[in-house]
file coords38.pdb (PDB, C-alpha atoms)
MODEL        1
ATOM      1  CA  MET A   1     172.634 -36.355 141.002  1.00  0.00           C
ATOM      2  CA  ASN A   2     170.168 -39.097 140.158  1.00  0.00           C
ATOM      3  CA  THR A   3     169.792 -40.750 136.722  1.00  0.00           C
ATOM      4  CA  LYS A   4     166.750 -38.658 135.780  1.00  0.00           C
ATOM      5  CA  LYS A   5     168.629 -35.432 136.436  1.00  0.00           C
ATOM      6  CA  ILE A   6     171.647 -36.650 134.433  1.00  0.00           C
ATOM      7  CA  ILE A   7     169.404 -37.556 131.462  1.00  0.00           C
ATOM      8  CA  GLU A   8     167.676 -34.149 131.676  1.00  0.00           C
ATOM      9  CA  CYS A   9     171.039 -32.372 131.843  1.00  0.00           C
ATOM     10  CA  GLU A  10     172.354 -34.316 128.815  1.00  0.00           C
ATOM     11  CA  ARG A  11     169.202 -33.596 126.804  1.00  0.00           C
ATOM     12  CA  THR A  12     169.357 -29.870 127.590  1.00  0.00           C
ATOM     13  CA  LYS A  13     173.030 -29.679 126.608  1.00  0.00           C
ATOM     14  CA  ILE A  14     172.507 -31.608 123.346  1.00  0.00           C
ATOM     15  CA  GLU A  15     169.512 -29.421 122.435  1.00  0.00           C
ATOM     16  CA  LYS A  16     171.512 -26.291 123.249  1.00  0.00           C
ATOM     17  CA  TRP A  17     174.468 -27.418 121.096  1.00  0.00           C
ATOM     18  CA  SER A  18     172.261 -28.561 118.225  1.00  0.00           C
ATOM     19  CA  GLN A  19     170.827 -25.041 117.988  1.00  0.00           C
ATOM     20  CA  PHE A  20     174.266 -23.424 117.727  1.00  0.00           C
ATOM     21  CA  GLN A  21     174.493 -20.948 114.874  1.00  0.00           C
ATOM     22  CA  LEU A  22     176.601 -17.971 113.902  1.00  0.00           C
ATOM     23  CA  SER A  23     175.117 -14.585 113.013  1.00  0.00           C
ATOM     24  CA  ASN A  24     174.443 -13.679 109.364  1.00  0.00           C
ATOM     25  CA  ARG A  25     177.582 -11.501 108.995  1.00  0.00           C
ATOM     26  CA  TRP A  26     179.701 -14.654 109.451  1.00  0.00           C
ATOM     27  CA  LYS A  27     178.420 -15.854 106.071  1.00  0.00           C
ATOM     28  CA  THR A  28     180.320 -13.014 104.360  1.00  0.00           C
ATOM     29  CA  ILE A  29     183.422 -13.709 106.463  1.00  0.00           C
ATOM     30  CA  GLY A  30     183.241 -17.431 105.561  1.00  0.00           C
ATOM     31  CA  THR A  31     182.743 -16.668 101.852  1.00  0.00           C
ATOM     32  CA  VAL A  32     185.712 -14.268 101.765  1.00  0.00           C
ATOM     33  CA  LEU A  33     187.862 -16.797 103.656  1.00  0.00           C
ATOM     34  CA  CYS A  34     186.919 -19.560 101.186  1.00  0.00           C
ATOM     35  CA  LEU A  35     187.528 -17.391  98.118  1.00  0.00           C
ATOM     36  CA  VAL A  36     190.914 -16.127  99.351  1.00  0.00           C
ATOM     37  CA  THR A  37     192.008 -19.667 100.287  1.00  0.00           C
ATOM     38  CA  PHE A  38     190.761 -21.127  96.994  1.00  0.00           C
ATOM     39  CA  LEU A  39     192.543 -18.456  94.939  1.00  0.00           C
ATOM     40  CA  THR A  40     195.746 -18.988  96.965  1.00  0.00           C
ATOM     41  CA  MET A  41     195.494 -22.741  96.318  1.00  0.00           C
ATOM     42  CA  ILE A  42     195.108 -22.118  92.567  1.00  0.00           C
ATOM     43  CA  GLY A  43     197.966 -19.599  92.650  1.00  0.00           C
ATOM     44  CA  LEU A  44     200.231 -22.129  94.351  1.00  0.00           C
ATOM     45  CA  LYS A  45     199.545 -24.634  91.564  1.00  0.00           C
ATOM     46  CA  PHE A  46     201.294 -22.300  89.099  1.00  0.00           C
ATOM     47  CA  THR A  47     204.365 -21.806  91.272  1.00  0.00           C
ATOM     48  CA  GLU A  48     207.304 -24.182  91.469  1.00  0.00           C
ATOM     49  CA  ALA A  49     207.238 -24.487  95.225  1.00  0.00           C
ATOM     50  CA  GLU A  50     204.099 -25.910  96.782  1.00  0.00           C
ATOM     51  CA  PRO A  51     205.050 -26.912 100.311  1.00  0.00           C
ATOM     52  CA  LEU A  52     203.039 -29.782 101.746  1.00  0.00           C
ATOM     53  CA  TRP A  53     202.535 -28.023 105.082  1.00  0.00           C
ATOM     54  CA  LEU A  54     201.078 -24.953 103.371  1.00  0.00           C
ATOM     55  CA  LYS A  55     198.777 -27.113 101.233  1.00  0.00           C
ATOM     56  CA  ASP A  56     197.565 -28.862 104.389  1.00  0.00           C
ATOM     57  CA  ILE A  57     196.930 -25.574 106.214  1.00  0.00           C
ATOM     58  CA  LEU A  58     195.070 -24.098 103.213  1.00  0.00           C
ATOM     59  CA  ARG A  59     192.864 -27.189 102.990  1.00  0.00           C
ATOM     60  CA  LYS A  60     192.002 -26.866 106.696  1.00  0.00           C
ATOM     61  CA  VAL A  61     191.269 -23.130 106.320  1.00  0.00           C
ATOM     62  CA  LEU A  62     188.984 -23.882 103.347  1.00  0.00           C
ATOM     63  CA  LEU A  63     187.094 -26.463 105.418  1.00  0.00           C
ATOM     64  CA  VAL A  64     186.739 -23.973 108.297  1.00  0.00           C
ATOM     65  CA  GLY A  65     185.465 -21.361 105.815  1.00  0.00           C
ATOM     66  CA  LEU A  66     182.862 -23.758 104.430  1.00  0.00           C
ATOM     67  CA  LEU A  67     181.834 -24.727 107.974  1.00  0.00           C
ATOM     68  CA  ILE A  68     181.411 -21.040 108.897  1.00  0.00           C
ATOM     69  CA  ILE A  69     179.163 -20.528 105.846  1.00  0.00           C
ATOM     70  CA  ILE A  70     176.884 -23.471 106.635  1.00  0.00           C
ATOM     71  CA  LEU A  71     176.662 -22.534 110.322  1.00  0.00           C
ATOM     72  CA  SER A  72     175.673 -18.930 109.603  1.00  0.00           C
ATOM     73  CA  LYS A  73     172.099 -17.794 109.944  1.00  0.00           C
ATOM     74  CA  GLU A  74     170.092 -16.470 107.028  1.00  0.00           C
ATOM     75  CA  LYS A  75     168.972 -12.827 106.963  1.00  0.00           C
ATOM     76  CA  MET A  76     165.444 -13.995 107.734  1.00  0.00           C
ATOM     77  CA  GLU A  77     165.810 -17.081 109.872  1.00  0.00           C
ATOM     78  CA  ASP A  78     162.480 -18.786 110.535  1.00  0.00           C
ATOM     79  CA  GLU A  79     161.296 -22.329 111.286  1.00  0.00           C
ATOM     80  CA  MET A  80     161.032 -23.239 107.593  1.00  0.00           C
ATOM     81  CA  ILE A  81     164.676 -22.313 107.010  1.00  0.00           C
ATOM     82  CA  VAL A  82     165.640 -24.451 110.028  1.00  0.00           C
ATOM     83  CA  SER A  83     163.660 -27.356 108.544  1.00  0.00           C
ATOM     84  CA  LEU A  84     165.263 -26.907 105.092  1.00  0.00           C
ATOM     85  CA  ARG A  85     168.721 -26.767 106.675  1.00  0.00           C
ATOM     86  CA  ALA A  86     168.030 -30.004 108.556  1.00  0.00           C
ATOM     87  CA  LYS A  87     166.917 -31.669 105.298  1.00  0.00           C
ATOM     88  CA  SER A  88     170.049 -30.518 103.490  1.00  0.00           C
ATOM     89  CA  PHE A  89     172.261 -31.805 106.346  1.00  0.00           C
ATOM     90  CA  THR A  90     170.561 -35.207 106.143  1.00  0.00           C
ATOM     91  CA  LEU A  91     170.994 -35.416 102.366  1.00  0.00           C
ATOM     92  CA  ALA A  92     174.622 -34.250 102.549  1.00  0.00           C
ATOM     93  CA  PHE A  93     175.416 -36.845 105.228  1.00  0.00           C
ATOM     94  CA  ILE A  94     173.869 -39.727 103.248  1.00  0.00           C
ATOM     95  CA  ILE A  95     175.463 -38.659  99.948  1.00  0.00           C
ATOM     96  CA  GLY A  96     178.795 -38.078 101.736  1.00  0.00           C
ATOM     97  CA  VAL A  97     178.812 -41.614 103.139  1.00  0.00           C
ATOM     98  CA  LEU A  98     177.850 -43.061  99.731  1.00  0.00           C
ATOM     99  CA  TYR A  99     180.617 -40.991  98.123  1.00  0.00           C
ATOM    100  CA  ALA A 100     183.135 -42.319 100.650  1.00  0.00           C
ATOM    101  CA  LEU A 101     182.022 -45.878  99.841  1.00  0.00           C
ATOM    102  CA  ILE A 102     181.806 -45.582  96.071  1.00  0.00           C
ATOM    103  CA  GLN A 103     184.641 -43.169  95.257  1.00  0.00           C
ATOM    104  CA  PRO A 104     187.536 -45.579  96.087  1.00  0.00           C
ATOM    105  CA  VAL A 105     185.939 -48.271  93.895  1.00  0.00           C
ATOM    106  CA  VAL A 106     185.483 -45.836  90.981  1.00  0.00           C
ATOM    107  CA  ASP A 107     189.033 -44.581  91.504  1.00  0.00           C
ATOM    108  CA  TYR A 108     190.350 -48.168  91.554  1.00  0.00           C
ATOM    109  CA  VAL A 109     188.515 -49.070  88.340  1.00  0.00           C
ATOM    110  CA  ILE A 110     189.700 -45.935  86.536  1.00  0.00           C
ATOM    111  CA  HIS A 111     193.325 -46.312  87.622  1.00  0.00           C
ATOM    112  CA  ASN A 112     193.691 -50.059  87.190  1.00  0.00           C
ATOM    113  CA  PHE A 113     191.512 -50.874  84.218  1.00  0.00           C
ATOM    114  CA  LEU A 114     191.275 -47.759  82.104  1.00  0.00           C
ATOM    115  CA  TYR A 115     194.725 -46.343  82.803  1.00  0.00           C
ATOM    116  CA  GLU A 116     197.939 -47.799  84.099  1.00  0.00           C
ATOM    117  CA  ALA A 117     197.864 -49.053  87.665  1.00  0.00           C
ATOM    118  CA  SER A 118     198.740 -46.395  90.193  1.00  0.00           C
ATOM    119  CA  GLU A 119     199.677 -46.809  93.828  1.00  0.00           C
ATOM    120  CA  ASN A 120     198.413 -43.363  94.709  1.00  0.00           C
ATOM    121  CA  ASN A 121     194.694 -43.884  94.282  1.00  0.00           C
ATOM    122  CA  GLY A 122     193.465 -43.313  97.821  1.00  0.00           C
ATOM    123  CA  PHE A 123     191.282 -40.383  98.781  1.00  0.00           C
ATOM    124  CA  SER A 124     191.705 -37.902 101.565  1.00  0.00           C
ATOM    125  CA  TYR A 125     189.573 -36.635 104.438  1.00  0.00           C
ATOM    126  CA  PHE A 126     189.605 -33.259 102.662  1.00  0.00           C
ATOM    127  CA  GLN A 127     187.923 -34.727  99.593  1.00  0.00           C
ATOM    128  CA  VAL A 128     185.074 -36.275 101.627  1.00  0.00           C
ATOM    129  CA  LEU A 129     184.561 -33.346 104.008  1.00  0.00           C
ATOM    130  CA  SER A 130     184.664 -30.652 101.327  1.00  0.00           C
ATOM    131  CA  PHE A 131     182.285 -32.768  99.223  1.00  0.00           C
ATOM    132  CA  MET A 132     179.828 -33.089 102.137  1.00  0.00           C
ATOM    133  CA  LEU A 133     179.986 -29.392 102.996  1.00  0.00           C
ATOM    134  CA  LEU A 134     179.520 -28.337  99.366  1.00  0.00           C
ATOM    135  CA  ILE A 135     176.652 -30.780  98.869  1.00  0.00           C
ATOM    136  CA  GLN A 136     174.935 -29.392 101.991  1.00  0.00           C
ATOM    137  CA  MET A 137     175.324 -25.827 100.689  1.00  0.00           C
ATOM    138  CA  MET A 138     174.037 -26.824  97.265  1.00  0.00           C
ATOM    139  CA  PHE A 139     170.962 -28.669  98.574  1.00  0.00           C
ATOM    140  CA  PHE A 140     170.187 -25.870 101.027  1.00  0.00           C
ATOM    141  CA  GLU A 141     170.306 -23.256  98.257  1.00  0.00           C
ATOM    142  CA  VAL A 142     168.156 -25.417  95.937  1.00  0.00           C
ATOM    143  CA  LEU A 143     165.568 -26.091  98.659  1.00  0.00           C
ATOM    144  CA  LYS A 144     165.555 -22.420  99.667  1.00  0.00           C
ATOM    145  CA  ARG A 145     165.042 -21.284  96.066  1.00  0.00           C
ATOM    146  CA  ASN A 146     162.180 -23.745  95.505  1.00  0.00           C
ATOM    147  CA  ARG A 147     160.348 -23.209  98.776  1.00  0.00           C
TER     148      ARG A 147
ATOM    149  CA  MET B   1     147.174 -31.031 105.552  1.00  0.00           C
ATOM    150  CA  GLN B   2     145.037 -28.431 103.814  1.00  0.00           C
ATOM    151  CA  ASN B   3     144.491 -24.849 104.806  1.00  0.00           C
ATOM    152  CA  THR B   4     142.449 -21.756 104.009  1.00  0.00           C
ATOM    153  CA  ILE B   5     145.046 -19.201 105.036  1.00  0.00           C
ATOM    154  CA  LYS B   6     144.763 -17.404 101.708  1.00  0.00           C
ATOM    155  CA  VAL B   7     141.040 -16.872 102.336  1.00  0.00           C
ATOM    156  CA  GLU B   8     141.578 -15.771 105.954  1.00  0.00           C
ATOM    157  CA  ARG B   9     144.268 -13.374 104.781  1.00  0.00           C
ATOM    158  CA  ALA B  10     141.938 -11.940 102.133  1.00  0.00           C
ATOM    159  CA  ILE B  11     139.201 -11.392 104.750  1.00  0.00           C
ATOM    160  CA  LEU B  12     141.619  -9.271 106.782  1.00  0.00           C
ATOM    161  CA  SER B  13     143.003  -7.611 103.591  1.00  0.00           C
ATOM    162  CA  LEU B  14     146.521  -8.670 104.437  1.00  0.00           C
ATOM    163  CA  THR B  15     149.281  -9.321 101.932  1.00  0.00           C
ATOM    164  CA  GLN B  16     151.618 -12.308 102.370  1.00  0.00           C
ATOM    165  CA  ASP B  17     154.282  -9.865 103.497  1.00  0.00           C
ATOM    166  CA  ASP B  18     151.980  -8.232 106.087  1.00  0.00           C
ATOM    167  CA  LEU B  19     151.054 -11.610 107.561  1.00  0.00           C
ATOM    168  CA  ALA B  20     154.686 -12.738 107.517  1.00  0.00           C
ATOM    169  CA  LYS B  21     155.721  -9.646 109.486  1.00  0.00           C
ATOM    170  CA  LYS B  22     152.905 -10.160 111.991  1.00  0.00           C
ATOM    171  CA  ILE B  23     154.002 -13.688 112.872  1.00  0.00           C
ATOM    172  CA  GLY B  24     157.756 -13.200 112.386  1.00  0.00           C
ATOM    173  CA  VAL B  25     158.486 -15.381 109.364  1.00  0.00           C
ATOM    174  CA  SER B  26     159.509 -14.736 105.770  1.00  0.00           C
ATOM    175  CA  ARG B  27     157.042 -14.068 102.944  1.00  0.00           C
ATOM    176  CA  GLN B  28     158.251 -17.269 101.236  1.00  0.00           C
ATOM    177  CA  THR B  29     157.236 -19.292 104.303  1.00  0.00           C
ATOM    178  CA  ILE B  30     153.668 -17.923 104.096  1.00  0.00           C
ATOM    179  CA  ASN B  31     153.652 -18.712 100.382  1.00  0.00           C
ATOM    180  CA  SER B  32     154.803 -22.298 101.055  1.00  0.00           C
ATOM    181  CA  ILE B  33     152.172 -22.786 103.779  1.00  0.00           C
ATOM    182  CA  GLU B  34     149.417 -21.493 101.483  1.00  0.00           C
ATOM    183  CA  ALA B  35     150.586 -23.798  98.693  1.00  0.00           C
ATOM    184  CA  ASN B  36     150.568 -26.770 101.130  1.00  0.00           C
ATOM    185  CA  ARG B  37     154.297 -27.306 100.596  1.00  0.00           C
ATOM    186  CA  TYR B  38     155.101 -26.711 104.243  1.00  0.00           C
ATOM    187  CA  VAL B  39     153.218 -27.689 107.396  1.00  0.00           C
ATOM    188  CA  PRO B  40     153.906 -25.107 110.112  1.00  0.00           C
ATOM    189  CA  SER B  41     154.713 -25.927 113.719  1.00  0.00           C
ATOM    190  CA  THR B  42     152.117 -25.696 116.480  1.00  0.00           C
ATOM    191  CA  VAL B  43     153.674 -22.409 117.618  1.00  0.00           C
ATOM    192  CA  LEU B  44     153.249 -20.868 114.166  1.00  0.00           C
ATOM    193  CA  ALA B  45     149.723 -22.289 113.819  1.00  0.00           C
ATOM    194  CA  LEU B  46     148.787 -20.677 117.139  1.00  0.00           C
ATOM    195  CA  LYS B  47     150.308 -17.374 116.042  1.00  0.00           C
ATOM    196  CA  LEU B  48     148.149 -17.529 112.898  1.00  0.00           C
ATOM    197  CA  SER B  49     145.157 -18.363 115.064  1.00  0.00           C
ATOM    198  CA  LYS B  50     145.834 -15.222 117.110  1.00  0.00           C
ATOM    199  CA  VAL B  51     146.054 -13.025 113.984  1.00  0.00           C
ATOM    200  CA  PHE B  52     142.872 -14.475 112.412  1.00  0.00           C
ATOM    201  CA  ASN B  53     141.144 -14.589 115.802  1.00  0.00           C
ATOM    202  CA  LYS B  54     139.877 -18.092 115.043  1.00  0.00           C
ATOM    203  CA  PRO B  55     140.688 -21.587 116.325  1.00  0.00           C
ATOM    204  CA  VAL B  56     143.401 -23.482 114.394  1.00  0.00           C
ATOM    205  CA  ASN B  57     140.863 -26.101 113.256  1.00  0.00           C
ATOM    206  CA  ASP B  58     138.971 -23.427 111.305  1.00  0.00           C
ATOM    207  CA  PHE B  59     141.756 -22.887 108.799  1.00  0.00           C
ATOM    208  CA  PHE B  60     143.776 -26.121 109.033  1.00  0.00           C
ATOM    209  CA  LYS B  61     142.173 -29.410 107.986  1.00  0.00           C
ATOM    210  CA  LEU B  62     143.601 -32.898 107.802  1.00  0.00           C
ATOM    211  CA  SER B  63     143.588 -34.357 104.307  1.00  0.00           C
ATOM    212  CA  ASP B  64     142.851 -38.020 103.434  1.00  0.00           C
ATOM    213  CA  ASN B  65     146.515 -39.002 103.249  1.00  0.00           C
ATOM    214  CA  ASP B  66     147.394 -37.559 106.708  1.00  0.00           C
TER     215      ASP B  66
ENDMDL
END
call {"tool": "encode", "arguments": {"input": "coords38.pdb", "output": "structure tokens"}}
result
Amino acid sequence: MNTKKIIECERTKIEKWSQFQLSNRWKTIGTVLCLVTFLTMIGLKFTEAEPLWLKDILRKVLLVGLLIIILSKEKMEDEMIVSLRAKSFTLAFIIGVLYALIQPVVDYVIHNFLYEASENNGFSYFQVLSFMLLIQMMFFEVLKRNR
Amino acid sequence: MQNTIKVERAILSLTQDDLAKKIGVSRQTINSIEANRYVPSTVLALKLSKVFNKPVNDFFKLSDND
């Protein structure tokens, strides 16, 4: 296989993967999954036992649920929806990176200057990823409503 | 980019929904195109051209800031 063929093959595969989407019924499945997981997480807060492994699994399930929602097609999927989705992904990515950069500083200031110093003021992958996914959903809905 | 899709649609007595169905997009997309909020792709422009039976240049015009 020569270089030109390899480049062509790579381009085709990337284009194919970038167009990956789930059907519209997955949106309902994702929403139900998120709601059930979220309610379970809240329920666990009121119980004495909140095992770390369960908390970790629930967080991962919630992220998968959010990912399913944002990867699902709309009922009427056309080129404008694709363009709005791309815009919302861009905005979510930029805001997510800014959040990851700014949040630890804000957290540090709050914990060390306003309150007593705390050692546990880091932030998790869950915080950043859920923030990015929610921001994407929010921007997509806003852009869709105002189209 | 400016367009006269609303006029072309009126000539053919088509509603936004009728035109949307003919070219396989949502009514909101037609509304956004007519309001110059969205510039359609070449494929969509050619589909519109087929419906109106006119060249794309007849109903799409470049504006000064394009």
call {"tool": "resolve_selection", "arguments": {"input": "coords38.pdb", "expression": "the PyMOL selection byres ((chain A) within 10 of (chain B))", "output": "NGL selection string"}}
result
:A and (75-81 or 83 or 144-147)
call {"tool": "resolve_selection", "arguments": {"input": "coords38.pdb", "expression": "the PyMOL selection byres ((chain A and resi 32) around 12)", "output": "short mmCIF file (atom, residue, chain, number, x, y, z; two decimals) with C-alpha atoms, keeping the file's coordinate frame"}}
result
data_model
loop_
_atom_site.label_atom_id
_atom_site.label_comp_id
_atom_site.auth_asym_id
_atom_site.auth_seq_id
_atom_site.Cartn_x
_atom_site.Cartn_y
_atom_site.Cartn_z
CA ARG A 25 177.58 -11.50 109.00
CA TRP A 26 179.70 -14.65 109.45
CA LYS A 27 178.42 -15.85 106.07
CA THR A 28 180.32 -13.01 104.36
CA ILE A 29 183.42 -13.71 106.46
CA GLY A 30 183.24 -17.43 105.56
CA THR A 31 182.74 -16.67 101.85
CA LEU A 33 187.86 -16.80 103.66
CA CYS A 34 186.92 -19.56 101.19
CA LEU A 35 187.53 -17.39 98.12
CA VAL A 36 190.91 -16.13 99.35
CA THR A 37 192.01 -19.67 100.29
CA PHE A 38 190.76 -21.13 96.99
CA LEU A 39 192.54 -18.46 94.94
CA VAL A 61 191.27 -23.13 106.32
CA LEU A 62 188.98 -23.88 103.35
CA VAL A 64 186.74 -23.97 108.30
CA GLY A 65 185.46 -21.36 105.82
CA LEU A 66 182.86 -23.76 104.43
CA ILE A 68 181.41 -21.04 108.90
CA ILE A 69 179.16 -20.53 105.85
#
call {"tool": "axis_aligned_box", "arguments": {"input": "coords38.pdb", "around": "region 44-53 of chain B", "padding_each_side": "8 Å", "output": "AutoDock Vina command-line options"}}
result
--center_x 147.2 --center_y -17.7 --center_z 114.8 --size_x 28.1 --size_y 25.3 --size_z 20.7
call {"tool": "atom_distance", "arguments": {"input": "coords38.pdb", "atom1": "CA of Phe60 (chain B)", "atom2": "CA of Thr4 (chain B)"}}
result
6.8 Å
call {"tool": "closest_residue", "arguments": {"input": "coords38.pdb", "among": "B:Ile5, B:Ile11, B:Ala20, B:Leu62", "to": "Ser49 (chain B)", "atoms": "all atoms listed in the file"}}
result
B:Ile5
call {"tool": "closest_residue", "arguments": {"input": "coords38.pdb", "among": "B:Val51, B:Lys61, B:Val56, B:Gln2", "to": "Asp18 (chain B)", "atoms": "only C-alpha atoms"}}
result
B:Val51
call {"tool": "closest_residue", "arguments": {"input": "coords38.pdb", "among": "B:Asn36, B:Ile23, B:Asp64, B:Lys47", "to": "Lys6 (chain B)", "atoms": "only C-alpha atoms"}}
result
B:Asn36
call {"tool": "atom_distance", "arguments": {"input": "coords38.pdb", "atom1": "CA of Leu129 (chain A)", "atom2": "CA of Ala92 (chain A)"}}
result
10.1 Å
call {"tool": "atom_distance", "arguments": {"input": "coords38.pdb", "atom1": "CA of Ile102 (chain A)", "atom2": "CA of Ile42 (chain A)"}}
result
27.2 Å
call {"tool": "residues_around", "arguments": {"input": "coords38.pdb", "residues": "Leu143 (chain A)", "least_positions_apart": "2", "cutoff": "9 Å", "atoms": "only C-alpha atoms", "output": "list in words"}}
result
Leu84, Arg85, Lys87, Ser88, Met138, Phe139, Phe140, Glu141, Arg145, Asn146 and Arg147 of chain A
call {"tool": "residues_around", "arguments": {"input": "coords38.pdb", "residues": "Gly96 (chain A)", "least_positions_apart": "5", "cutoff": "12 Å", "atoms": "only C-alpha atoms", "output": "list in words"}}
result
Ser88, Phe89, Thr90, Leu91, Leu101, Ile102, Gln103, Tyr125, Phe126, Gln127, Val128, Leu129, Ser130, Phe131, Met132, Leu133, Leu134, Ile135 and Gln136 of chain A
call {"tool": "closest_residue", "arguments": {"input": "coords38.pdb", "among": "B:Leu14, B:Met1, B:Lys22, B:Thr42", "to": "Asn65 (chain B)", "atoms": "only C-alpha atoms"}}
result
B:Met1
